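Student: My structure file start28.tsv, TSV, C-alpha atoms and all ligand atoms, is below:
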chain	number	residue	atom	x	y	z
A	1	MET	CA	95.88	63.28	-16.07
A	2	ASP	CA	97.11	62.12	-12.73
A	3	VAL	CA	97.68	58.54	-11.77
A	4	PHE	CA	96.09	57.82	-8.39
A	5	GLY	CA	96.97	55.37	-5.69
A	6	VAL	CA	94.48	54.21	-3.06
A	7	ASP	CA	95.35	52.03	-0.08
A	8	ILE	CA	92.58	49.94	1.49
A	9	GLY	CA	93.54	49.28	5.10
A	10	GLY	CA	91.85	47.87	8.18
A	11	SER	CA	91.23	51.30	9.72
A	12	GLY	CA	91.38	53.74	6.82
A	13	ILE	CA	91.07	54.02	3.06
A	14	LYS	CA	93.53	56.62	1.87
A	15	GLY	CA	94.69	57.92	-1.45
A	16	ALA	CA	96.36	60.66	-3.42
A	17	PRO	CA	97.56	61.54	-6.90
A	18	VAL	CA	101.13	60.32	-7.31
A	19	ASP	CA	104.23	61.69	-9.01
A	20	LEU	CA	105.63	58.48	-10.47
A	21	GLU	CA	109.06	59.89	-11.26
A	22	ARG	CA	109.70	60.94	-7.71
A	23	GLY	CA	107.64	58.26	-5.99
A	24	GLU	CA	105.80	60.84	-3.93
A	25	VAL	CA	102.24	61.96	-3.42
A	26	VAL	CA	101.48	65.19	-5.27
A	27	GLU	CA	99.00	66.41	-2.65
A	28	GLU	CA	98.37	65.59	0.98
A	29	ARG	CA	96.62	62.22	0.99
A	30	PHE	CA	92.92	62.04	1.88
A	31	LYS	CA	91.55	59.39	4.20
A	32	VAL	CA	88.10	58.07	5.09
A	33	LEU	CA	87.44	55.51	7.81
A	34	THR	CA	87.08	51.93	6.63
A	35	PRO	CA	83.35	51.06	6.81
A	36	ARG	CA	82.18	48.30	9.11
A	37	PRO	CA	81.51	45.77	7.80
A	38	ALA	CA	83.99	46.43	5.01
A	39	THR	CA	81.86	44.88	2.27
A	40	PRO	CA	82.92	45.32	-1.35
A	41	ASP	CA	80.14	47.84	-2.11
A	42	ALA	CA	80.78	49.91	1.02
A	43	VAL	CA	84.54	49.98	0.37
A	44	ALA	CA	84.05	50.80	-3.33
A	45	ASP	CA	81.95	53.79	-2.29
A	46	CYS	CA	84.77	54.99	-0.01
A	47	VAL	CA	87.35	54.58	-2.77
A	48	ARG	CA	85.17	56.78	-4.97
A	49	GLN	CA	84.93	59.43	-2.22
A	50	VAL	CA	88.70	59.44	-1.81
A	51	VAL	CA	89.38	59.87	-5.53
A	52	ARG	CA	86.59	62.46	-6.03
A	53	HIS	CA	87.94	64.50	-3.13
A	54	PHE	CA	90.79	65.74	-5.30
A	55	GLY	CA	88.42	67.09	-7.98
A	56	ARG	CA	90.90	66.33	-10.76
A	57	PRO	CA	90.46	64.41	-13.99
A	58	VAL	CA	91.22	60.83	-13.12
A	59	GLY	CA	93.70	58.74	-15.07
A	60	PRO	CA	94.49	55.13	-14.17
A	61	VAL	CA	93.88	54.24	-10.54
A	62	GLY	CA	95.77	51.62	-8.56
A	63	VAL	CA	94.16	50.16	-5.46
A	64	THR	CA	95.77	47.96	-2.81
A	65	PHE	CA	93.89	45.14	-1.10
A	66	PRO	CA	94.91	43.22	2.04
A	67	GLY	CA	94.63	39.77	0.47
A	68	VAL	CA	95.55	37.73	-2.59
A	69	VAL	CA	94.61	39.41	-5.88
A	70	ILE	CA	94.84	37.53	-9.17
A	71	GLY	CA	93.87	39.22	-12.44
A	72	GLY	CA	91.84	41.86	-10.58
A	73	THR	CA	89.87	39.28	-8.58
A	74	THR	CA	90.30	39.22	-4.80
A	75	ARG	CA	90.86	35.65	-3.64
A	76	THR	CA	91.35	35.79	0.12
A	77	ALA	CA	90.16	38.05	2.93
A	78	ALA	CA	92.02	37.25	6.16
A	79	ASN	CA	91.26	40.56	7.88
A	80	VAL	CA	88.39	41.98	5.81
A	81	ASP	CA	84.79	41.07	4.97
A	82	LYS	CA	84.56	37.59	3.43
A	83	GLY	CA	82.33	39.04	0.66
A	84	TRP	CA	85.59	39.94	-1.12
A	85	ILE	CA	86.46	36.32	-1.79
A	86	GLY	CA	86.03	35.69	-5.52
A	87	LYS	CA	85.02	39.30	-6.22
A	88	ASP	CA	85.94	41.05	-9.49
A	89	ALA	CA	87.37	43.95	-7.51
A	90	ALA	CA	88.95	45.68	-10.51
A	91	GLY	CA	85.60	45.55	-12.35
A	92	LEU	CA	83.61	46.82	-9.34
A	93	LEU	CA	86.00	49.70	-8.63
A	94	GLY	CA	86.37	50.52	-12.32
A	95	GLU	CA	82.59	50.94	-12.59
A	96	GLN	CA	82.52	53.20	-9.54
A	97	LEU	CA	85.34	55.38	-10.82
A	98	GLY	CA	84.68	55.26	-14.55
A	99	THR	CA	88.35	54.61	-15.28
A	100	PRO	CA	90.65	51.55	-15.53
A	101	VAL	CA	91.53	50.24	-12.09
A	102	THR	CA	94.40	47.93	-11.18
A	103	VAL	CA	94.06	46.03	-7.91
A	104	LEU	CA	97.01	44.39	-6.20
A	105	ASN	CA	98.03	43.02	-2.81
A	106	ASP	CA	98.90	45.73	-0.28
A	107	ALA	CA	102.34	44.38	0.61
A	108	ASP	CA	103.18	43.84	-3.05
A	109	ALA	CA	102.33	47.51	-3.67
A	110	ALA	CA	104.43	48.69	-0.73
A	111	GLY	CA	107.26	46.45	-1.92
A	112	LEU	CA	107.19	47.86	-5.46
A	113	ALA	CA	107.47	51.38	-4.06
A	114	GLU	CA	110.31	50.47	-1.68
A	115	MET	CA	112.26	48.67	-4.41
A	116	THR	CA	112.04	51.65	-6.76
A	117	HIS	CA	112.12	54.65	-4.45
A	118	GLY	CA	113.00	53.42	-0.97
A	119	ALA	CA	115.04	50.97	1.06
A	120	GLY	CA	115.36	48.35	-1.69
A	121	ARG	CA	116.44	50.71	-4.47
A	122	GLY	CA	119.12	49.17	-6.68
A	123	ARG	CA	119.19	45.94	-4.68
A	124	THR	CA	119.58	42.65	-6.52
A	125	GLY	CA	119.29	39.04	-5.38
A	126	THR	CA	116.40	37.99	-3.16
A	127	VAL	CA	114.79	40.79	-1.16
A	128	VAL	CA	111.85	40.20	1.18
A	129	VAL	CA	109.69	43.19	2.09
A	130	LEU	CA	107.44	42.57	5.10
A	131	THR	CA	104.70	44.89	6.33
A	132	PHE	CA	103.69	44.66	9.97
A	133	GLY	CA	100.21	45.87	10.90
A	134	THR	CA	96.87	44.16	11.46
A	135	GLY	CA	98.43	41.22	9.64
A	136	ILE	CA	101.86	40.55	8.17
A	137	GLY	CA	102.14	41.18	4.44
A	138	SER	CA	105.02	40.01	2.24
A	139	ALA	CA	106.51	40.94	-1.10
A	140	VAL	CA	109.35	38.83	-2.50
A	141	PHE	CA	111.67	40.26	-5.16
A	142	ILE	CA	114.24	38.43	-7.21
A	143	ASP	CA	116.66	40.79	-8.97
A	144	GLY	CA	114.03	43.52	-8.62
A	145	ARG	CA	111.17	41.43	-10.03
A	146	LEU	CA	108.17	40.80	-7.84
A	147	VAL	CA	106.86	37.30	-7.17
A	148	PRO	CA	103.26	38.35	-6.38
A	149	ASN	CA	100.90	37.14	-3.63
A	150	THR	CA	103.45	35.34	-1.48
A	151	GLU	CA	101.45	35.47	1.81
A	152	LEU	CA	104.42	34.75	4.09
A	153	GLY	CA	102.50	36.26	7.02
A	154	HIS	CA	100.57	33.01	7.19
A	155	LEU	CA	103.57	30.73	7.61
A	156	GLU	CA	103.06	28.39	10.53
A	157	LEU	CA	105.37	29.14	13.41
A	158	ARG	CA	105.32	27.10	16.63
A	159	GLY	CA	101.85	25.86	15.70
A	160	HIS	CA	100.42	29.33	15.04
A	161	ASP	CA	99.61	31.41	11.98
A	162	ALA	CA	102.67	33.70	12.23
A	163	GLU	CA	100.75	36.97	11.87
A	164	THR	CA	98.62	36.15	14.92
A	165	ARG	CA	101.86	36.20	17.00
A	166	ALA	CA	104.16	38.72	15.36
A	167	SER	CA	101.94	41.42	13.77
A	168	THR	CA	101.70	44.79	15.47
A	169	ARG	CA	98.10	43.90	16.24
A	170	ALA	CA	99.37	40.97	18.33
A	171	LYS	CA	101.78	43.37	20.07
A	172	ASP	CA	98.94	45.76	20.91
A	173	ASP	CA	96.35	43.12	21.82
A	174	GLU	CA	98.73	41.28	24.12
A	175	GLY	CA	100.38	44.44	25.47
A	176	LEU	CA	103.85	43.15	24.52
A	177	SER	CA	106.95	45.23	25.26
A	178	TRP	CA	109.20	46.12	22.33
A	179	GLY	CA	111.66	43.51	23.58
A	180	ARG	CA	109.15	40.66	23.72
A	181	TRP	CA	107.68	41.58	20.39
A	182	ALA	CA	111.14	41.89	18.79
A	183	LYS	CA	111.89	38.36	19.98
A	184	ARG	CA	108.84	37.07	18.09
A	185	VAL	CA	109.68	39.12	15.01
A	186	GLY	CA	113.25	37.76	15.13
A	187	ARG	CA	112.00	34.18	15.30
A	188	TYR	CA	109.69	34.88	12.38
A	189	LEU	CA	112.43	36.49	10.27
A	190	ALA	CA	114.78	33.59	11.03
A	191	HIS	CA	112.11	31.19	9.77
A	192	VAL	CA	111.60	33.16	6.54
A	193	GLU	CA	115.39	33.33	6.17
A	194	MET	CA	115.68	29.57	6.54
A	195	LEU	CA	113.19	29.15	3.68
A	196	PHE	CA	114.31	31.89	1.26
A	197	SER	CA	117.86	33.00	2.18
A	198	PRO	CA	117.23	36.64	1.25
A	199	GLU	CA	120.08	39.15	1.24
A	200	LEU	CA	117.84	41.87	2.59
A	201	PHE	CA	114.69	42.23	4.67
A	202	VAL	CA	112.82	45.55	4.42
A	203	ILE	CA	110.50	46.08	7.38
A	204	GLY	CA	107.45	48.19	6.51
A	205	GLY	CA	104.06	49.11	7.90
A	206	GLY	CA	103.36	51.98	10.31
A	207	VAL	CA	105.79	50.48	12.81
A	208	SER	CA	108.73	51.20	10.48
A	209	ARG	CA	108.67	54.75	11.91
A	210	LYS	CA	109.67	53.26	15.26
A	211	ALA	CA	112.41	51.05	13.83
A	212	ASP	CA	114.94	52.29	16.41
A	213	LYS	CA	112.81	50.77	19.18
A	214	PHE	CA	112.84	47.20	17.89
A	215	LEU	CA	115.28	46.59	15.02
A	216	PRO	CA	118.34	46.71	17.32
A	217	LEU	CA	116.65	44.07	19.51
A	218	ILE	CA	116.20	41.53	16.72
A	219	GLU	CA	118.51	38.55	17.02
A	220	GLY	CA	119.32	35.40	15.07
A	221	VAL	CA	119.02	36.81	11.55
A	222	SER	CA	122.04	36.89	9.21
A	223	ALA	CA	120.50	38.95	6.40
A	224	GLU	CA	120.57	42.72	6.52
A	225	VAL	CA	117.37	44.09	8.11
A	226	VAL	CA	116.42	47.70	7.35
A	227	PRO	CA	113.31	49.83	7.87
A	228	ALA	CA	111.15	50.86	4.93
A	229	GLN	CA	111.66	54.45	3.85
A	230	LEU	CA	108.34	55.49	2.35
A	231	GLU	CA	106.44	54.88	5.59
A	232	ASN	CA	102.72	55.50	5.20
A	233	ASN	CA	102.72	56.31	1.52
A	234	ALA	CA	104.36	53.15	0.20
A	235	GLY	CA	101.03	51.46	-0.62
A	236	ILE	CA	99.64	54.52	-2.40
A	237	VAL	CA	102.81	55.03	-4.45
A	238	GLY	CA	103.12	51.32	-5.32
A	239	ALA	CA	99.45	51.12	-6.34
A	240	ALA	CA	99.91	54.07	-8.70
A	241	MET	CA	103.05	52.46	-10.13
A	242	ALA	CA	101.13	49.24	-10.83
A	243	ALA	CA	98.26	51.18	-12.45
A	244	SER	CA	100.60	53.06	-14.75
A	245	ALA	CA	102.32	49.82	-15.78
A	246	ALA	CA	99.02	48.01	-16.49
A	247	PRO	CA	98.21	47.18	-20.12
A	248	SER	CA	95.07	49.39	-19.91
A	249	ALA	CA	97.07	52.49	-18.90
A	250	PRO	CA	97.19	55.12	-21.67
A	251	SER	CA	101.00	55.44	-21.77
A	252	SER	CA	101.67	51.72	-22.09
A	253	ALA	CA	98.86	51.28	-24.62
A	254	ALA	CA	100.42	53.89	-26.91
A	301	LIG	C1	96.85	39.00	4.18
A	301	LIG	C2	97.85	39.53	3.17
A	301	LIG	C3	98.12	40.98	3.46
A	301	LIG	C4	98.55	41.18	4.89
A	301	LIG	C5	98.77	42.64	5.24
A	301	LIG	C6	97.38	39.24	5.58
A	301	LIG	O1	96.47	38.77	6.51
A	301	LIG	O2	96.62	37.62	4.00
A	301	LIG	O3	97.37	39.36	1.87
A	301	LIG	O4	99.11	41.45	2.57
A	301	LIG	O5	97.60	40.64	5.77
A	301	LIG	O6	97.59	43.37	5.10
Take the structure in the file and give it back as structure tokens.
Ligand code: BGC
Tutor:
Amino acid sequence: MDVFGVDIGGSGIKGAPVDLERGEVVEERFKVLTPRPATPDAVADCVRQVVRHFGRPVGPVGVTFPGVVIGGTTRTAANVDKGWIGKDAAGLLGEQLGTPVTVLNDADAAGLAEMTHGAGRGRTGTVVVLTFGTGIGSAVFIDGRLVPNTELGHLELRGHDAETRASTRAKDDEGLSWGRWAKRVGRYLAHVEMLFSPELFVIGGGVSRKADKFLPLIEGVSAEVVPAQLENNAGIVGAAMAASAAPSAPSSAA
């Protein structure tokens, strides 16, 4: 049975069966638009549609969520419906799908995939994976081990929640040039560097495809800064990895 990964994002909910060895989707991913409002029940229904679309027997399913997730319960909801706060998301989605579901933070999922199959492969020491999109997500790794739910996108920078200034949403909303946005991203990275002294930053999110437009413009950061390699599928792959590693997954239970 295939392990599935599903990525809940601000604009779309997308998923696919995943080849865990290769860290790739097995089939073209399928996407439905994120419902508005993105209440838990409405989103759970979309997750079911995405998984059913493939018409395959479903093994463990991993689902990303854009907020803090502890023990399957969603704790924060910065950019989604507040009805998620305190929700047993793994239970709700598990009921919808009739299979064990693992829920984890979206940046943590993307980070797991990048550390195993992408830009962070084989890297030791402290690595910070940041995803730039509607918000800024973070995944911190120490010698390859994830410290979950770090939420570095909400660091305060010059009196602002950092993601309101340096996310790609801020770039779009304020019509910032690549240069002006890169300046903000550089300031943000320098702040994270001051706090964590990572050896490597991996820059993910959809904008990683345009790394050549802004990475060369980033100044004031000593650590190596590289673009993510899995692009749009990092969340899906990382979610599937987490599901297969969960205690409820058939292989690890055996
Ligand atoms: C949330 C994080 C999430 C990030 C990217 C932030 O607003 O607090 O949990 O990882 O957005 O979606």
Student: Restrict the calculation to only C-alpha atoms, then for each residue of region 48-148 of chain A with any atom at most 10 Å from an atom of region 158-168 of chain A give the closest atom pair and their distance in Å to one decimal, rows by chain and rising residue number, as CSV.
Tutor:
residue,atom,partner,partner_atom,distance
A:Thr131,CA,A:Ser167,CA,8.7
A:Phe132,CA,A:Ser167,CA,5.3
A:Gly133,CA,A:Thr168,CA,4.9
A:Thr134,CA,A:Ser167,CA,6.2
A:Gly135,CA,A:Glu163,CA,5.3
A:Ile136,CA,A:Glu163,CA,5.3
A:Gly137,CA,A:Glu163,CA,8.7
Student: Residues of chain A that approach ligand LIG 301 (chain A) to 6 Å or less, counting only C-alpha atoms and all ligand atoms: could you list each one with the shortest pair of atoms and its distance in Å to one decimal, rows by chain and increasing residue number, as a Markdown table?
Tutor:
| residue | atom | partner | partner_atom | distance |
| --- | --- | --- | --- | --- |
| A:Pro66 | CA | A:LIG301 | O6 | 4.1 |
| A:Gly67 | CA | A:LIG301 | O3 | 3.1 |
| A:Val68 | CA | A:LIG301 | O3 | 5.1 |
| A:Ala78 | CA | A:LIG301 | O1 | 4.7 |
| A:Asn79 | CA | A:LIG301 | O1 | 5.7 |
| A:Asn105 | CA | A:LIG301 | O4 | 5.7 |
| A:Asp106 | CA | A:LIG301 | O4 | 5.1 |
| A:Ala107 | CA | A:LIG301 | O4 | 4.8 |
| A:Gly135 | CA | A:LIG301 | O5 | 4.0 |
| A:Ile136 | CA | A:LIG301 | C4 | 4.7 |
| A:Gly137 | CA | A:LIG301 | O4 | 3.6 |
| A:Glu151 | CA | A:LIG301 | C2 | 5.6 |
Student: By how many Å are CA of Gly238 (chain A) and CA of Glu224 (chain A) apart?
Tutor: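 It comes out at 22.8 Å.
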Student: Go through A:Gly206, A:Gly59, A:Gly10, A:Pro247 one by one, measure the shortest atom-to-atom distance of each to Thr99 (chain A) using only C-alpha atoms, and give the residue with the smallest value.
Tutor: A:Gly59
Student: From the list A:Ser222, A:Asn232, A:Thr150, A:Thr74, which residue is nearest Phe201 (chain A) when using only C-alpha atoms?
Tutor: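 Answer, going by the shortest atom-to-atom distance: A:Ser222.
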Student: Given only C-alpha atoms as the basis, pick out the residue of A:Ala245, A:Gly204, A:Val63, A:Pro198 nearest to Thr124 (chain A).
Tutor: A:Pro198
Student: Can you list, as a list in words, every protein, DNA or RNA residue that comes within 6 Å of region 11-21 of chain A when you count only C-alpha atoms, leaving out same-chain residues fewer than 6 positions away?
Tutor: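 Contacts, in chain order: Asp2, Val3, Phe4, Gly5, Arg29, Phe30, Lys31, Val32, Leu33 and Thr34 of chain A.
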Student: So that I can see what lies close to region 114-119 of chain A, please list as a PyMOL selection string the residues with an atom at most 12 Å from it, counting all atoms listed in the file and leaving out residues fewer than 4 positions away in the same chain.
Tutor: chain A and resi 19-24+107-110+123-131+139-146+200-205+208+224-239+241-242
Student: A:Val69, A:Ala243, A:Val80, A:Ala223: which is nearest Pro35 (chain A), counting all atoms listed in the file?
Tutor: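 Once distances to Pro35 (chain A) are computed over all atoms listed in the file, the minimum belongs to A:Val80.
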Student: Could you check how far CA of Ile218 (chain A) sits from CA of Ala113 (chain A), in Å to one decimal?
Tutor: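 So the answer is 24.6 Å.
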Student: Would you please work out which residue, of A:Ile85, A:Leu92, A:Ala249, A:Val192, is nearest to Ser138 (chain A) when using all atoms listed in the file?
Tutor: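 Going through A:Ile85, A:Leu92, A:Ala249, A:Val192 one by one, the smallest distance to Ser138 (chain A) is for A:Val192.
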Student: Between CA of Ala246 (chain A) and CA of Thr102 (chain A), what is the distance, to one decimal in Å?
Tutor: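 Taking CA of Ala246 (chain A) and CA of Thr102 (chain A), their separation equals 7.0 Å.
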Student: Nearest to Val101 (chain A) among A:Lys171, A:Arg48, A:Arg184, A:Arg209, with distances taken over all atoms listed in the file: which residue is it?
Tutor: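 Among A:Lys171, A:Arg48, A:Arg184, A:Arg209, it is A:Arg48 that comes nearest to Val101 (chain A).
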Student: Near Leu157 (chain A), counting all atoms listed in the file, which residues have an atom at most 9 Å away, once you skip same-chain residues fewer than 6 positions from it, shown as a PyMOL selection string?
Tutor: chain A and resi 165+187-188+191
Student: Complete region 179-203 of chain A with N, CA and C atoms (output as a PDB file, keeping the file's coordinate frame).
Tutor:
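The resulting result-v2.pdb:
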ATOM      1  N   GLY A 179     110.718  44.620  23.470  1.00  0.00           N
ATOM      2  CA  GLY A 179     111.660  43.510  23.580  1.00  0.00           C
ATOM      3  C   GLY A 179     110.991  42.169  23.299  1.00  0.00           C
ATOM      4  N   ARG A 180     109.818  41.956  23.914  1.00  0.00           N
ATOM      5  CA  ARG A 180     109.150  40.660  23.720  1.00  0.00           C
ATOM      6  C   ARG A 180     108.641  40.523  22.292  1.00  0.00           C
ATOM      7  N   TRP A 181     108.170  41.634  21.765  1.00  0.00           N
ATOM      8  CA  TRP A 181     107.680  41.580  20.390  1.00  0.00           C
ATOM      9  C   TRP A 181     108.845  41.343  19.415  1.00  0.00           C
ATOM     10  N   ALA A 182     109.968  42.033  19.665  1.00  0.00           N
ATOM     11  CA  ALA A 182     111.140  41.890  18.790  1.00  0.00           C
ATOM     12  C   ALA A 182     111.622  40.436  18.772  1.00  0.00           C
ATOM     13  N   LYS A 183     111.486  39.768  19.907  1.00  0.00           N
ATOM     14  CA  LYS A 183     111.890  38.360  19.980  1.00  0.00           C
ATOM     15  C   LYS A 183     111.036  37.537  18.999  1.00  0.00           C
ATOM     16  N   ARG A 184     109.733  37.802  19.013  1.00  0.00           N
ATOM     17  CA  ARG A 184     108.840  37.070  18.090  1.00  0.00           C
ATOM     18  C   ARG A 184     109.144  37.420  16.636  1.00  0.00           C
ATOM     19  N   VAL A 185     109.389  38.698  16.387  1.00  0.00           N
ATOM     20  CA  VAL A 185     109.680  39.120  15.010  1.00  0.00           C
ATOM     21  C   VAL A 185     110.988  38.454  14.560  1.00  0.00           C
ATOM     22  N   GLY A 186     111.972  38.390  15.448  1.00  0.00           N
ATOM     23  CA  GLY A 186     113.250  37.760  15.130  1.00  0.00           C
ATOM     24  C   GLY A 186     113.069  36.291  14.773  1.00  0.00           C
ATOM     25  N   ARG A 187     112.261  35.605  15.566  1.00  0.00           N
ATOM     26  CA  ARG A 187     112.000  34.180  15.300  1.00  0.00           C
ATOM     27  C   ARG A 187     111.324  34.020  13.935  1.00  0.00           C
ATOM     28  N   TYR A 188     110.416  34.928  13.658  1.00  0.00           N
ATOM     29  CA  TYR A 188     109.690  34.880  12.380  1.00  0.00           C
ATOM     30  C   TYR A 188     110.652  35.137  11.211  1.00  0.00           C
ATOM     31  N   LEU A 189     111.475  36.172  11.353  1.00  0.00           N
ATOM     32  CA  LEU A 189     112.430  36.490  10.270  1.00  0.00           C
ATOM     33  C   LEU A 189     113.399  35.327  10.057  1.00  0.00           C
ATOM     34  N   ALA A 190     113.841  34.710  11.149  1.00  0.00           N
ATOM     35  CA  ALA A 190     114.780  33.590  11.030  1.00  0.00           C
ATOM     36  C   ALA A 190     114.131  32.441  10.246  1.00  0.00           C
ATOM     37  N   HIS A 191     112.835  32.245  10.472  1.00  0.00           N
ATOM     38  CA  HIS A 191     112.110  31.190   9.770  1.00  0.00           C
ATOM     39  C   HIS A 191     112.025  31.509   8.263  1.00  0.00           C
ATOM     40  N   VAL A 192     111.687  32.753   7.955  1.00  0.00           N
ATOM     41  CA  VAL A 192     111.600  33.160   6.540  1.00  0.00           C
ATOM     42  C   VAL A 192     112.994  33.050   5.911  1.00  0.00           C
ATOM     43  N   GLU A 193     114.018  33.407   6.682  1.00  0.00           N
ATOM     44  CA  GLU A 193     115.390  33.330   6.170  1.00  0.00           C
ATOM     45  C   GLU A 193     115.787  31.890   5.868  1.00  0.00           C
ATOM     46  N   MET A 194     115.378  30.991   6.752  1.00  0.00           N
ATOM     47  CA  MET A 194     115.680  29.570   6.540  1.00  0.00           C
ATOM     48  C   MET A 194     115.071  29.083   5.210  1.00  0.00           C
ATOM     49  N   LEU A 195     113.882  29.610   4.884  1.00  0.00           N
ATOM     50  CA  LEU A 195     113.190  29.150   3.680  1.00  0.00           C
ATOM     51  C   LEU A 195     113.665  29.830   2.394  1.00  0.00           C
ATOM     52  N   PHE A 196     114.040  31.123   2.486  1.00  0.00           N
ATOM     53  CA  PHE A 196     114.310  31.890   1.260  1.00  0.00           C
ATOM     54  C   PHE A 196     115.723  32.436   1.127  1.00  0.00           C
ATOM     55  N   SER A 197     116.499  32.434   2.196  1.00  0.00           N
ATOM     56  CA  SER A 197     117.860  33.000   2.180  1.00  0.00           C
ATOM     57  C   SER A 197     117.946  34.370   1.487  1.00  0.00           C
ATOM     58  N   PRO A 198     117.121  35.329   1.897  1.00  0.00           N
ATOM     59  CA  PRO A 198     117.230  36.640   1.250  1.00  0.00           C
ATOM     60  C   PRO A 198     118.502  37.363   1.674  1.00  0.00           C
ATOM     61  N   GLU A 199     118.933  38.323   0.843  1.00  0.00           N
ATOM     62  CA  GLU A 199     120.080  39.150   1.240  1.00  0.00           C
ATOM     63  C   GLU A 199     119.609  40.297   2.104  1.00  0.00           C
ATOM     64  N   LEU A 200     118.340  40.677   1.906  1.00  0.00           N
ATOM     65  CA  LEU A 200     117.840  41.870   2.590  1.00  0.00           C
ATOM     66  C   LEU A 200     116.377  41.681   2.999  1.00  0.00           C
ATOM     67  N   PHE A 201     116.079  42.093   4.239  1.00  0.00           N
ATOM     68  CA  PHE A 201     114.690  42.230   4.670  1.00  0.00           C
ATOM     69  C   PHE A 201     114.394  43.726   4.789  1.00  0.00           C
ATOM     70  N   VAL A 202     113.271  44.167   4.215  1.00  0.00           N
ATOM     71  CA  VAL A 202     112.820  45.550   4.420  1.00  0.00           C
ATOM     72  C   VAL A 202     111.567  45.467   5.290  1.00  0.00           C
ATOM     73  N   ILE A 203     111.611  46.160   6.425  1.00  0.00           N
ATOM     74  CA  ILE A 203     110.500  46.080   7.380  1.00  0.00           C
ATOM     75  C   ILE A 203     109.605  47.313   7.230  1.00  0.00           C
TER      76      ILE A 203
END
